[in-house]
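Remarks on the structure that follows.
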Amino acid sequence: MMARSAQADLKILEQKLGYTFQNQALLIEALTHTSAMRPNKRENYQRLEFLGDRVLGLVIAEALFKLYPGASEGELSRRFSNLVCKDACVQVALDWGADAFLRLGAGEKLANEATRSSVMSDIAESIIGAVFMESGYEAARILIESAWKKKLAAPGRPLRDAKTALQEWAQAQGLPTPTYEQISRTGPDHAPEFVIAVKVDGFAPMEAIGTTKRTGEQASAEAFLKREGIGRAMRVMNVKHAMGES
């Protein structure tokens, strides 16, 4: 059932979105969990979420390209990842108040915080997909840029990359600086693949593949952070750095 069942109440959500649907069935579909699907019907948010994810990526990539003309591809990629990640989408969905309009099956509950976060992230993207389906790219772009305005306008200092984050984490633990070793190089000259291993004292090495030694080192550092559950610490360092904190 829907937390606010009256169709008129969807106007509240539309006001938060800054967009009015001509076809409210699209908005309802974007808010419908699989548990609330009618028999022999497949209207739920999953297809719109698939579409919205791609639209979001294009809009954010375009916005970053224009906002940071001096930024390298690596910095743009890091900013992009932070802006389209699940946490960012969840926050947008909550800012819209979309959780109050989520359509769940009878007795269905979002059992834990992980499930709730996953669903709300999908809902943000499904609403974007619904706007795109009804009114096209420009309307979706306006919706996204409005919702992501503060995030896009974050200070322009480069964010920590994975190698820097890993090095700072290691130093904070009193460990030597991580080292990187090329394990192999395969592929033709125009499209090589490097297997790089990062080594940190007291931990098993972590290997990853890159199209250059540098990207391989970044990939192995990122994989190490993920394996050891250091991702949250990395995000905190990124935020502090972007805010100019020591």
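By order in the structure tokens, chains are A, B, ...; within a chain, residues start at 1; ligands start at 1, following the order shown.
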Give me the residues within 12 Å of A:Gln167 as a short mmCIF file (atom, residue, chain, number, x, y, z; two decimals) with N, CA and C atoms, in the first residue's frame, counting only C-alpha atoms and dropping any in the same chain fewer than 2 places off.
```
data_model
loop_
_atom_site.label_atom_id
_atom_site.label_comp_id
_atom_site.auth_asym_id
_atom_site.auth_seq_id
_atom_site.Cartn_x
_atom_site.Cartn_y
_atom_site.Cartn_z
N ARG A 160 40.71 13.24 -2.80
CA ARG A 160 41.70 12.19 -2.60
C ARG A 160 41.46 11.04 -3.57
N ASP A 161 42.54 10.55 -4.20
CA ASP A 161 42.41 9.33 -4.99
C ASP A 161 42.69 8.13 -4.08
N ALA A 162 42.52 6.94 -4.63
CA ALA A 162 42.63 5.74 -3.81
C ALA A 162 44.04 5.55 -3.26
N LYS A 163 45.07 5.82 -4.08
CA LYS A 163 46.45 5.66 -3.61
C LYS A 163 46.74 6.61 -2.44
N THR A 164 46.30 7.85 -2.56
CA THR A 164 46.54 8.82 -1.50
C THR A 164 45.79 8.42 -0.24
N ALA A 165 44.53 8.00 -0.42
CA ALA A 165 43.73 7.58 0.73
C ALA A 165 44.37 6.39 1.44
N TRP A 169 45.86 6.33 5.20
CA TRP A 169 45.36 5.35 6.16
C TRP A 169 46.51 4.56 6.76
N ALA A 170 47.45 4.11 5.91
CA ALA A 170 48.59 3.33 6.39
C ALA A 170 49.41 4.15 7.38
N GLN A 171 49.65 5.42 7.06
CA GLN A 171 50.41 6.28 7.96
C GLN A 171 49.70 6.44 9.30
N ALA A 172 48.37 6.56 9.24
CA ALA A 172 47.59 6.71 10.47
C ALA A 172 47.68 5.46 11.34
N GLN A 173 47.94 4.31 10.72
CA GLN A 173 48.07 3.05 11.47
C GLN A 173 49.51 2.80 11.90
N GLY A 174 50.41 3.72 11.55
CA GLY A 174 51.81 3.53 11.90
C GLY A 174 52.51 2.54 10.99
N LEU A 175 51.99 2.34 9.79
CA LEU A 175 52.56 1.38 8.84
C LEU A 175 53.42 2.10 7.81
N PRO A 176 54.38 1.37 7.21
CA PRO A 176 55.18 1.96 6.13
C PRO A 176 54.30 2.30 4.93
N THR A 177 54.81 3.14 4.07
CA THR A 177 54.09 3.52 2.86
C THR A 177 53.83 2.29 1.99
N PRO A 178 52.61 2.09 1.50
CA PRO A 178 52.32 0.95 0.62
C PRO A 178 53.23 0.96 -0.62
N THR A 179 53.55 -0.22 -1.10
CA THR A 179 54.37 -0.34 -2.31
C THR A 179 53.58 -1.04 -3.40
N TYR A 180 53.99 -0.82 -4.65
CA TYR A 180 53.27 -1.38 -5.80
C TYR A 180 54.25 -2.14 -6.68
N VAL A 198 49.36 -4.22 -4.85
CA VAL A 198 49.73 -3.30 -3.78
C VAL A 198 50.05 -4.12 -2.53
N LYS A 199 51.11 -3.72 -1.84
CA LYS A 199 51.55 -4.45 -0.66
C LYS A 199 51.59 -3.51 0.54
N VAL A 200 50.94 -3.95 1.61
CA VAL A 200 50.92 -3.21 2.86
C VAL A 200 51.37 -4.18 3.96
N ASP A 201 52.31 -3.75 4.78
CA ASP A 201 52.84 -4.62 5.83
C ASP A 201 51.71 -5.19 6.70
N GLN A 218 46.12 2.58 -9.02
CA GLN A 218 44.91 3.14 -8.43
C GLN A 218 43.87 2.04 -8.19
N ALA A 221 44.88 -0.17 -5.23
CA ALA A 221 44.67 0.55 -3.96
C ALA A 221 43.19 0.60 -3.61
N GLU A 222 42.36 0.88 -4.61
CA GLU A 222 40.91 0.93 -4.37
C GLU A 222 40.39 -0.43 -3.94
N PHE A 224 42.07 -2.79 -2.43
CA PHE A 224 42.55 -3.05 -1.07
C PHE A 224 41.66 -2.35 -0.05
N LEU A 225 41.36 -1.08 -0.30
CA LEU A 225 40.49 -0.33 0.61
C LEU A 225 39.14 -1.01 0.76
N ILE A 230 37.82 -0.25 4.36
CA ILE A 230 38.32 1.08 4.69
C ILE A 230 37.60 2.15 3.87
N MET A 234 37.86 6.34 3.81
CA MET A 234 38.27 7.06 2.60
C MET A 234 37.28 8.16 2.27
N MET A 237 37.76 11.11 4.58
CA MET A 237 38.93 11.91 4.21
C MET A 237 38.62 12.78 3.00
#
```
Pairwise distance for atom CA of A:Leu102 and atom CA of A:Asn23, rounded to one decimal in Å: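 These two atoms are separated by 17.5 Å.
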Strand (DSSP E or B) residues, from DSSP on the backbone, in stretch 62-200 of chain A, as a VMD selection string: chain A and resid 103 179 to 186 193 to 199
Mind dumping the selected residues with N, CA and C atoms as a PDB file, in the first residue's frame?
```pdb
ATOM      1  N   ARG A 103       5.361   2.723  -2.768  1.00  0.00           N
ATOM      2  CA  ARG A 103       4.278   1.732  -2.797  1.00  0.00           C
ATOM      3  C   ARG A 103       4.848   0.349  -2.491  1.00  0.00           C
ATOM      4  N   THR A 179      53.548  -0.219  -1.103  1.00  0.00           N
ATOM      5  CA  THR A 179      54.373  -0.342  -2.310  1.00  0.00           C
ATOM      6  C   THR A 179      53.576  -1.042  -3.402  1.00  0.00           C
ATOM      7  N   TYR A 180      53.990  -0.819  -4.645  1.00  0.00           N
ATOM      8  CA  TYR A 180      53.275  -1.379  -5.796  1.00  0.00           C
ATOM      9  C   TYR A 180      54.253  -2.144  -6.684  1.00  0.00           C
ATOM     10  N   GLU A 181      53.803  -3.278  -7.164  1.00  0.00           N
ATOM     11  CA  GLU A 181      54.645  -4.141  -7.997  1.00  0.00           C
ATOM     12  C   GLU A 181      53.877  -4.576  -9.250  1.00  0.00           C
ATOM     13  N   GLN A 182      54.531  -4.463 -10.393  1.00  0.00           N
ATOM     14  CA  GLN A 182      53.923  -4.949 -11.631  1.00  0.00           C
ATOM     15  C   GLN A 182      54.072  -6.464 -11.685  1.00  0.00           C
ATOM     16  N   ILE A 183      52.965  -7.168 -11.736  1.00  0.00           N
ATOM     17  CA  ILE A 183      52.979  -8.635 -11.772  1.00  0.00           C
ATOM     18  C   ILE A 183      53.092  -9.137 -13.205  1.00  0.00           C
ATOM     19  N   SER A 184      52.369  -8.488 -14.110  1.00  0.00           N
ATOM     20  CA  SER A 184      52.423  -8.913 -15.506  1.00  0.00           C
ATOM     21  C   SER A 184      51.957  -7.793 -16.421  1.00  0.00           C
ATOM     22  N   ARG A 185      52.284  -7.941 -17.689  1.00  0.00           N
ATOM     23  CA  ARG A 185      51.805  -7.038 -18.732  1.00  0.00           C
ATOM     24  C   ARG A 185      51.401  -7.885 -19.915  1.00  0.00           C
ATOM     25  N   THR A 186      50.165  -7.766 -20.329  1.00  0.00           N
ATOM     26  CA  THR A 186      49.654  -8.558 -21.447  1.00  0.00           C
ATOM     27  C   THR A 186      48.952  -7.644 -22.444  1.00  0.00           C
ATOM     28  N   GLU A 193      47.382  -4.422 -20.839  1.00  0.00           N
ATOM     29  CA  GLU A 193      46.770  -4.604 -19.527  1.00  0.00           C
ATOM     30  C   GLU A 193      47.875  -4.916 -18.524  1.00  0.00           C
ATOM     31  N   PHE A 194      47.903  -4.139 -17.472  1.00  0.00           N
ATOM     32  CA  PHE A 194      48.909  -4.310 -16.424  1.00  0.00           C
ATOM     33  C   PHE A 194      48.245  -4.871 -15.174  1.00  0.00           C
ATOM     34  N   VAL A 195      48.821  -5.942 -14.652  1.00  0.00           N
ATOM     35  CA  VAL A 195      48.382  -6.461 -13.348  1.00  0.00           C
ATOM     36  C   VAL A 195      49.342  -5.908 -12.302  1.00  0.00           C
ATOM     37  N   ILE A 196      48.775  -5.120 -11.392  1.00  0.00           N
ATOM     38  CA  ILE A 196      49.576  -4.458 -10.366  1.00  0.00           C
ATOM     39  C   ILE A 196      49.136  -4.948  -8.996  1.00  0.00           C
ATOM     40  N   ALA A 197      50.096  -5.212  -8.139  1.00  0.00           N
ATOM     41  CA  ALA A 197      49.801  -5.627  -6.765  1.00  0.00           C
ATOM     42  C   ALA A 197      50.232  -4.536  -5.806  1.00  0.00           C
ATOM     43  N   VAL A 198      49.365  -4.221  -4.847  1.00  0.00           N
ATOM     44  CA  VAL A 198      49.731  -3.296  -3.779  1.00  0.00           C
ATOM     45  C   VAL A 198      50.048  -4.124  -2.531  1.00  0.00           C
ATOM     46  N   LYS A 199      51.113  -3.716  -1.835  1.00  0.00           N
ATOM     47  CA  LYS A 199      51.547  -4.451  -0.658  1.00  0.00           C
ATOM     48  C   LYS A 199      51.588  -3.513   0.542  1.00  0.00           C
TER      49      LYS A 199
END
```
Point-to-point distance from atom CA of A:Lys213 to atom CA of A:Arg79, Å rounded to tenths: 21.7 Å
